[in-house]
Amino acid sequence: MPDLVAPVRFALLGCGRFGWRHLEVLQRLPGVEVVVVADIDESRARATADRFGIPAYTTDFREAAAWPGVDAVDVCLPTYLHRDAVTTAAESGHHVFCEKPLALRVEDAVEAVAACEQAGVKLQVGFCRRFDNGWLAAAEVIREGRLGRPVVWRHATGTSGAPQSWFFDRDGGGGPFVDATIHWYDFGRFVFGEVDSVRASTSIMRPGRTAPDTGIVSVRFVSGDELHLMWSWGLPPKVRVDELHEVLGPEGALIMRPRPEPGVDPIRVAGDGVKVFDSVPHANGVDPGNLGYLWLLGRDAAQPVIYQRNDMVEDELASFVQAVRRDQDPPVGGAEAVAALRVATAVLEAGETGQAVSLRTLPALTRRAAR
Ligand SMILES: NC(=O)c1ccc[n+]([C@@H]2O[C@H](COP(=O)([O-])OP(=O)(O)OC[C@H]3O[C@@H](n4cnc5c(N)ncnc54)[C@H](O)[C@@H]3O)[C@@H](O)[C@H]2O)c1
C-alpha cells in the first residue's frame with residue numbers, strides 16, 4: 001500500500017541554471033523535501049543550500065545520489081554525467097528524475113534504463129514539452145485531423161545557444177541537435193509515432209566546438225508526417241532572430257508562435273497588464289489572464305486555439321512525485337528517452353555522412369506474399 005502522506009525526500013544533483021529552476025518548483029510542490037544538493041563548485045553548492053534552506057550539501061554527486069533516507073534523486077548535471085548519476089541512484093534504491101537527454105550515447109542510455117529496471121526504481125526523463133499545454137493543444141489539433149494529414153511541423157530559430165561551453169562539445173552536451181531539438185524528436189514521436197528516417201545538413205559556425213551548432217534537419221515518421229528544423233546556436237551572444245513555428249497540412253496551418261498584432265490578437269493587454277480575452281468566448285473557469293493561444297488558419301477562416309498557460313516543469317515534476325507516491329509508472333520514462341536519443345544520434349550521423357539514416361526496425365506495412 002503506497003504511503004500517500006509521507007513526504008517525498010529528494011537529493012538534487014547539479015545546482016546550475018536548471019537545477020535552480022527545479023529547486024524553485026520542488027519548493028512549491030506540497031509534500032516534497034529536498035534534503036541534500038550536490039555541485040562540484042563548493043561555493044555554488046553552499047549558496048544553493050543557503051538560498052533554498054536545504055540541510056546538507058556536498059561536492060560529490062555520487063555521495064548525494066546514494067544519500068541515506070532519500071526517496072528520489074533529481075539529476076540536473078551536465079549531460080555527460082547523467083548515466084553515472086542515474087546508475088548510482090538506482091543502485092542505491094532511489095527513484096530517478098533525470099533531465100534530458102538521458103545520455104549522449106544510446107548504449108549509455110540503455111545502461112541507465114537497465115540499472116533502474118534491475119533495481120526496481122522509477123525513471124522519468126525531462127521531456128517537459130509533454131506537459132506544455134500549448135504544445136498539447138497543437139497535438140490535439142493534429143490528432144483531430146483539423147489540418148488534414150500528413151503534416152509538416154517546422155521550426156526555425158537562431159541564437160547563441162546555451163551559455164556554458166560543455167553544451168557544444170560532442171562528448172559534453174552534443175550541441176543543439178542533441179540537447180535542444182531532442183524535445184521535438186520526442187514530441188514528434190508522441191504525436192506521430194515511430195520515426196522512419198532522418199536527413200541532415202549540419203555545420204559548426206563558431207570555432208572551437210566539436211558538435212554541430214547549425215543545420216537543417218528533416219525527420220520523417222512512418223506515418224508520413226515530417227518534422228523540419230532549421231536551427232542555429234552559432235550567433236554571437238545576445239543576437240537572436242525571429243522564430244518560425246508552424247504545422248502545415250492539406251486542410252490548413254497552425255501557427256504555434258503567434259506574434260501580437262493589433263486588430264488580430266484575440267487577447268489584448270489591459271492597462272494594468274492583465275490579459276483580456278477579447279474576441280472569442282472563453283471556457284468557464286479559465287482565468288483569462290492566463291490564456292495562451294495558437295492560430296488555426298483553415299480553408300474559410302482563421303480561429304484561435306485557446307489553452308490555459310502552465311508551468312510545464314512544475315507539472316512534470318508533480319507527475320513524477322505522484323508516480324513515486326502512488327507507486328505508478330511515470331508518464332515518460334526510459335523507453336522514450338532511448339528512442340529520442342536514437343533519433344538525435346541518427347541526426348548527427350546524417351549530418352556527418354550526408355546520407356539519410358533509416359530508423360525503421362519493422363516494416364510499416366505488411367505486404368501480401370506474391371502468389
Ligand atoms: N528540460 C529542459 O528544457 C532543459 C533546459 C535546460 C537544461 N536542461 C538540461 O539540464 C541539465 C543541466 O543543464 P544546466 O543548464 O543547468 O547546466 P549548468 O551548466 O548551468 O549546470 C550544471 C551544474 O552542474 C555542476 N557540475 C558540473 N560537473 C559536476 C560534477 N562532476 N559534480 C557535481 N556537479 C557538477 C556545475 O558546477 C553546474 O552548477 C542538462 O542536461 C541540460 O540539457 C534541460
# chains A, B, ... in the order shown; residues from 1 in each chain; ligands from 1
>>> select_by_dssp(residues="segment 33-140 of chain A", states="alpha helix (DSSP H)", output="PyMOL selection string")
chain A and resi 42-52+61-65+82-91+106-119+133-140
>>> residues_near_ligand(ligand="ligand 1", cutoff="7 Å", atoms="only C-alpha atoms and all ligand atoms", output="list in words")
Leu13, Gly14, Cys15, Gly16, Arg17, Phe18, Gly19, Ala38, Asp39, Ile40, Asp41, Arg44, Thr59, Asp60, Phe61, Cys76, Leu77, Pro78, Thr79, Glu99, Lys100, Pro101, Gly126, Phe127, Cys128, Gln164, Gly173 and Asp179 of chain A
>>> residues_around(residues="segment 301-316 of chain A", least_positions_apart="2", cutoff="7 Å", atoms="only C-alpha atoms", output="count of residues only")
22
>>> atom_distance(atom1="atom CA of Arg146 of chain A", atom2="atom CA of Val219 of chain A")
21.7 Å
>>> closest_residue(among="A:Leu136, A:Val96, A:Val347, A:Ala253", to="Ala211 of chain A", atoms="only C-alpha atoms")
A:Val347
>>> residues_around(residues="Glu117 of chain A", least_positions_apart="6", cutoff="12 Å", atoms="only C-alpha atoms", output="ChimeraX atom specification")
/A:86-87,90-91,93-96,110-111,123,329,333-335
>>> closest_residue(among="A:Asp300, A:Asp213, A:Asp327, A:Glu246", to="Gly351 of chain A", atoms="only C-alpha atoms")
A:Asp213
>>> residues_around(residues="Val343 of chain A", least_positions_apart="2", cutoff="12 Å", atoms="only C-alpha atoms", output="PyMOL selection string")
chain A and resi 101+104-106+177-179+181-189+194-200+217-221+227+336-341+345-350+356-360
>>> residues_around(residues="Ile142 of chain A", least_positions_apart="3", cutoff="9 Å", atoms="only C-alpha atoms", output="ChimeraX atom specification")
/A:137-139,145-149,151,191,247,249,254
>>> write_last_selection(atoms="C-alpha atoms", output="PDB file, in the first residue's frame")
ATOM      1  CA  ALA A 137      -3.160  21.948 -27.779  1.00  0.00           C
ATOM      2  CA  ALA A 138      -1.265  21.678 -31.080  1.00  0.00           C
ATOM      3  CA  ALA A 139      -1.126  17.886 -30.705  1.00  0.00           C
ATOM      4  CA  GLY A 145      -7.396  15.952 -38.222  1.00  0.00           C
ATOM      5  CA  ARG A 146      -8.146  19.668 -38.398  1.00  0.00           C
ATOM      6  CA  LEU A 147      -5.063  20.237 -40.572  1.00  0.00           C
ATOM      7  CA  GLY A 148      -5.511  17.046 -42.581  1.00  0.00           C
ATOM      8  CA  ARG A 149      -2.663  14.555 -42.806  1.00  0.00           C
ATOM      9  CA  VAL A 151       1.522  17.362 -41.828  1.00  0.00           C
ATOM     10  CA  VAL A 191       2.135  12.730 -31.796  1.00  0.00           C
ATOM     11  CA  VAL A 247       2.367  22.959 -38.583  1.00  0.00           C
ATOM     12  CA  GLY A 249      -1.310  20.370 -43.569  1.00  0.00           C
ATOM     13  CA  LEU A 254      -1.386  26.014 -37.238  1.00  0.00           C
TER      14      LEU A 254
END
>>> closest_residue(among="A:Glu243, A:Leu235, A:Thr353, A:Val5", to="Ser201 of chain A", atoms="only C-alpha atoms")
A:Thr353
>>> closest_residue(among="A:Met230, A:Ala65, A:Met256, A:Ala11", to="Ala49 of chain A", atoms="only C-alpha atoms")
A:Ala11
>>> select_by_dssp(residues="segment 115-152 of chain A", states="strand (DSSP E or B)", output="ChimeraX atom specification")
/A:123-125,152
>>> residues_around(residues="Pro176 of chain A", least_positions_apart="4", cutoff="12 Å", atoms="only C-alpha atoms", output="ChimeraX atom specification")
/A:101,157-162,166-170,172,180-184,202-204,209-217,229-234,344-345,347-348
>>> closest_residue(among="A:Arg62, A:Lys122, A:Arg21, A:Arg46", to="Gln322 of chain A", atoms="only C-alpha atoms")
A:Lys122
>>> closest_residue(among="A:Ala64, A:Val125, A:Val222, A:Ala103", to="Pro150 of chain A", atoms="only C-alpha atoms")
A:Val222
>>> decode(residues="segment 314-329 of chain A", atoms="all heavy atoms", output="PDB file, in the first residue's frame")
ATOM      1  N   GLU A 314       6.849  22.472 -13.612  1.00  0.00           N
ATOM      2  CA  GLU A 314       6.114  22.167 -12.384  1.00  0.00           C
ATOM      3  C   GLU A 314       5.209  20.951 -12.597  1.00  0.00           C
ATOM      4  O   GLU A 314       5.157  20.043 -11.769  1.00  0.00           O
ATOM      5  CB  GLU A 314       5.282  23.381 -11.949  1.00  0.00           C
ATOM      6  CG  GLU A 314       4.490  23.114 -10.685  1.00  0.00           C
ATOM      7  CD  GLU A 314       3.907  24.395 -10.090  1.00  0.00           C
ATOM      8  OE1 GLU A 314       4.436  25.488 -10.352  1.00  0.00           O
ATOM      9  OE2 GLU A 314       2.913  24.278  -9.361  1.00  0.00           O
ATOM     10  N   ASP A 315       4.518  20.934 -13.737  1.00  0.00           N
ATOM     11  CA  ASP A 315       3.595  19.825 -13.976  1.00  0.00           C
ATOM     12  C   ASP A 315       4.338  18.507 -14.173  1.00  0.00           C
ATOM     13  O   ASP A 315       3.874  17.450 -13.754  1.00  0.00           O
ATOM     14  CB  ASP A 315       2.685  20.137 -15.169  1.00  0.00           C
ATOM     15  CG  ASP A 315       1.631  21.179 -14.787  1.00  0.00           C
ATOM     16  OD1 ASP A 315       1.525  21.496 -13.585  1.00  0.00           O
ATOM     17  OD2 ASP A 315       0.939  21.689 -15.676  1.00  0.00           O
ATOM     18  N   GLU A 316       5.527  18.564 -14.811  1.00  0.00           N
ATOM     19  CA  GLU A 316       6.231  17.283 -14.998  1.00  0.00           C
ATOM     20  C   GLU A 316       6.811  16.788 -13.673  1.00  0.00           C
ATOM     21  O   GLU A 316       6.748  15.582 -13.380  1.00  0.00           O
ATOM     22  CB  GLU A 316       7.313  17.366 -16.087  1.00  0.00           C
ATOM     23  CG  GLU A 316       8.547  18.138 -15.706  1.00  0.00           C
ATOM     24  CD  GLU A 316       9.710  17.984 -16.683  1.00  0.00           C
ATOM     25  OE1 GLU A 316       9.696  17.099 -17.545  1.00  0.00           O
ATOM     26  OE2 GLU A 316      10.660  18.785 -16.553  1.00  0.00           O
ATOM     27  N   LEU A 317       7.349  17.686 -12.850  1.00  0.00           N
ATOM     28  CA  LEU A 317       7.895  17.234 -11.558  1.00  0.00           C
ATOM     29  C   LEU A 317       6.764  16.757 -10.640  1.00  0.00           C
ATOM     30  O   LEU A 317       6.923  15.783  -9.898  1.00  0.00           O
ATOM     31  CB  LEU A 317       8.726  18.333 -10.905  1.00  0.00           C
ATOM     32  CG  LEU A 317      10.097  18.575 -11.570  1.00  0.00           C
ATOM     33  CD1 LEU A 317      10.784  19.811 -10.987  1.00  0.00           C
ATOM     34  CD2 LEU A 317      11.019  17.365 -11.424  1.00  0.00           C
ATOM     35  N   ALA A 318       5.622  17.425 -10.720  1.00  0.00           N
ATOM     36  CA  ALA A 318       4.466  16.971  -9.923  1.00  0.00           C
ATOM     37  C   ALA A 318       4.044  15.570 -10.358  1.00  0.00           C
ATOM     38  O   ALA A 318       3.685  14.734  -9.531  1.00  0.00           O
ATOM     39  CB  ALA A 318       3.305  17.950 -10.072  1.00  0.00           C
ATOM     40  N   SER A 319       4.117  15.297 -11.665  1.00  0.00           N
ATOM     41  CA  SER A 319       3.715  13.966 -12.143  1.00  0.00           C
ATOM     42  C   SER A 319       4.701  12.906 -11.655  1.00  0.00           C
ATOM     43  O   SER A 319       4.309  11.776 -11.343  1.00  0.00           O
ATOM     44  CB  SER A 319       3.599  13.941 -13.670  1.00  0.00           C
ATOM     45  OG  SER A 319       4.874  13.861 -14.262  1.00  0.00           O
ATOM     46  N   PHE A 320       5.980  13.281 -11.564  1.00  0.00           N
ATOM     47  CA  PHE A 320       6.978  12.331 -11.041  1.00  0.00           C
ATOM     48  C   PHE A 320       6.736  12.057  -9.551  1.00  0.00           C
ATOM     49  O   PHE A 320       6.737  10.905  -9.111  1.00  0.00           O
ATOM     50  CB  PHE A 320       8.390  12.893 -11.265  1.00  0.00           C
ATOM     51  CG  PHE A 320       9.471  12.053 -10.640  1.00  0.00           C
ATOM     52  CD1 PHE A 320       9.769  10.789 -11.122  1.00  0.00           C
ATOM     53  CD2 PHE A 320      10.207  12.534  -9.561  1.00  0.00           C
ATOM     54  CE1 PHE A 320      10.770  10.013 -10.537  1.00  0.00           C
ATOM     55  CE2 PHE A 320      11.202  11.772  -8.967  1.00  0.00           C
ATOM     56  CZ  PHE A 320      11.480  10.500  -9.463  1.00  0.00           C
ATOM     57  N   VAL A 321       6.479  13.111  -8.800  1.00  0.00           N
ATOM     58  CA  VAL A 321       6.218  12.951  -7.360  1.00  0.00           C
ATOM     59  C   VAL A 321       4.984  12.065  -7.158  1.00  0.00           C
ATOM     60  O   VAL A 321       4.973  11.160  -6.312  1.00  0.00           O
ATOM     61  CB  VAL A 321       6.035  14.331  -6.681  1.00  0.00           C
ATOM     62  CG1 VAL A 321       5.491  14.184  -5.268  1.00  0.00           C
ATOM     63  CG2 VAL A 321       7.359  15.094  -6.683  1.00  0.00           C
ATOM     64  N   GLN A 322       3.978  12.284  -8.000  1.00  0.00           N
ATOM     65  CA  GLN A 322       2.769  11.468  -7.888  1.00  0.00           C
ATOM     66  C   GLN A 322       3.064   9.999  -8.204  1.00  0.00           C
ATOM     67  O   GLN A 322       2.573   9.092  -7.535  1.00  0.00           O
ATOM     68  CB  GLN A 322       1.695  12.007  -8.831  1.00  0.00           C
ATOM     69  CG  GLN A 322       0.462  11.129  -8.847  1.00  0.00           C
ATOM     70  CD  GLN A 322      -0.676  11.769  -9.598  1.00  0.00           C
ATOM     71  OE1 GLN A 322      -1.024  12.906  -9.333  1.00  0.00           O
ATOM     72  NE2 GLN A 322      -1.253  11.045 -10.538  1.00  0.00           N
ATOM     73  N   ALA A 323       3.899   9.773  -9.237  1.00  0.00           N
ATOM     74  CA  ALA A 323       4.243   8.386  -9.603  1.00  0.00           C
ATOM     75  C   ALA A 323       4.973   7.703  -8.448  1.00  0.00           C
ATOM     76  O   ALA A 323       4.721   6.531  -8.143  1.00  0.00           O
ATOM     77  CB  ALA A 323       5.105   8.374 -10.858  1.00  0.00           C
ATOM     78  N   VAL A 324       5.867   8.442  -7.784  1.00  0.00           N
ATOM     79  CA  VAL A 324       6.609   7.877  -6.648  1.00  0.00           C
ATOM     80  C   VAL A 324       5.643   7.598  -5.502  1.00  0.00           C
ATOM     81  O   VAL A 324       5.630   6.508  -4.924  1.00  0.00           O
ATOM     82  CB  VAL A 324       7.730   8.847  -6.207  1.00  0.00           C
ATOM     83  CG1 VAL A 324       8.315   8.436  -4.862  1.00  0.00           C
ATOM     84  CG2 VAL A 324       8.821   8.913  -7.277  1.00  0.00           C
ATOM     85  N   ARG A 325       4.814   8.592  -5.209  1.00  0.00           N
ATOM     86  CA  ARG A 325       3.942   8.480  -4.039  1.00  0.00           C
ATOM     87  C   ARG A 325       2.891   7.380  -4.222  1.00  0.00           C
ATOM     88  O   ARG A 325       2.593   6.639  -3.316  1.00  0.00           O
ATOM     89  CB  ARG A 325       3.279   9.832  -3.789  1.00  0.00           C
ATOM     90  CG  ARG A 325       2.573   9.895  -2.479  1.00  0.00           C
ATOM     91  CD  ARG A 325       2.096  11.282  -2.169  1.00  0.00           C
ATOM     92  NE  ARG A 325       3.112  12.122  -1.572  1.00  0.00           N
ATOM     93  CZ  ARG A 325       3.357  13.377  -1.905  1.00  0.00           C
ATOM     94  NH1 ARG A 325       2.679  13.934  -2.873  1.00  0.00           N
ATOM     95  NH2 ARG A 325       4.277  14.063  -1.301  1.00  0.00           N
ATOM     96  N   ARG A 326       2.352   7.275  -5.421  1.00  0.00           N
ATOM     97  CA  ARG A 326       1.272   6.298  -5.660  1.00  0.00           C
ATOM     98  C   ARG A 326       1.774   5.001  -6.257  1.00  0.00           C
ATOM     99  O   ARG A 326       0.987   4.158  -6.673  1.00  0.00           O
ATOM    100  CB  ARG A 326       0.233   6.905  -6.597  1.00  0.00           C
ATOM    101  CG  ARG A 326      -0.400   8.122  -6.004  1.00  0.00           C
ATOM    102  CD  ARG A 326      -1.659   8.494  -6.751  1.00  0.00           C
ATOM    103  NE  ARG A 326      -2.282   9.642  -6.154  1.00  0.00           N
ATOM    104  CZ  ARG A 326      -3.174  10.394  -6.763  1.00  0.00           C
ATOM    105  NH1 ARG A 326      -3.545  10.113  -7.979  1.00  0.00           N
ATOM    106  NH2 ARG A 326      -3.711  11.429  -6.145  1.00  0.00           N
ATOM    107  N   ASP A 327       3.089   4.882  -6.400  1.00  0.00           N
ATOM    108  CA  ASP A 327       3.694   3.679  -6.971  1.00  0.00           C
ATOM    109  C   ASP A 327       3.127   3.383  -8.366  1.00  0.00           C
ATOM    110  O   ASP A 327       2.695   2.271  -8.667  1.00  0.00           O
ATOM    111  CB  ASP A 327       3.496   2.481  -6.019  1.00  0.00           C
ATOM    112  CG  ASP A 327       4.380   1.309  -6.437  1.00  0.00           C
ATOM    113  OD1 ASP A 327       5.340   1.541  -7.194  1.00  0.00           O
ATOM    114  OD2 ASP A 327       4.083   0.176  -6.026  1.00  0.00           O
ATOM    115  N   GLN A 328       3.154   4.435  -9.216  1.00  0.00           N
ATOM    116  CA  GLN A 328       2.662   4.285 -10.596  1.00  0.00           C
ATOM    117  C   GLN A 328       3.840   4.435 -11.564  1.00  0.00           C
ATOM    118  O   GLN A 328       4.901   4.954 -11.187  1.00  0.00           O
ATOM    119  CB  GLN A 328       1.648   5.387 -10.926  1.00  0.00           C
ATOM    120  CG  GLN A 328       0.396   5.344 -10.078  1.00  0.00           C
ATOM    121  CD  GLN A 328      -0.410   6.630 -10.174  1.00  0.00           C
ATOM    122  OE1 GLN A 328       0.109   7.689 -10.542  1.00  0.00           O
ATOM    123  NE2 GLN A 328      -1.675   6.551  -9.811  1.00  0.00           N
ATOM    124  N   ASP A 329       3.622   4.051 -12.819  1.00  0.00           N
ATOM    125  CA  ASP A 329       4.660   4.285 -13.836  1.00  0.00           C
ATOM    126  C   ASP A 329       4.707   5.771 -14.167  1.00  0.00           C
ATOM    127  O   ASP A 329       3.658   6.386 -14.387  1.00  0.00           O
ATOM    128  CB  ASP A 329       4.330   3.509 -15.120  1.00  0.00           C
ATOM    129  CG  ASP A 329       4.557   2.020 -14.936  1.00  0.00           C
ATOM    130  OD1 ASP A 329       5.335   1.648 -14.037  1.00  0.00           O
ATOM    131  OD2 ASP A 329       3.946   1.233 -15.687  1.00  0.00           O
TER     132      ASP A 329
END
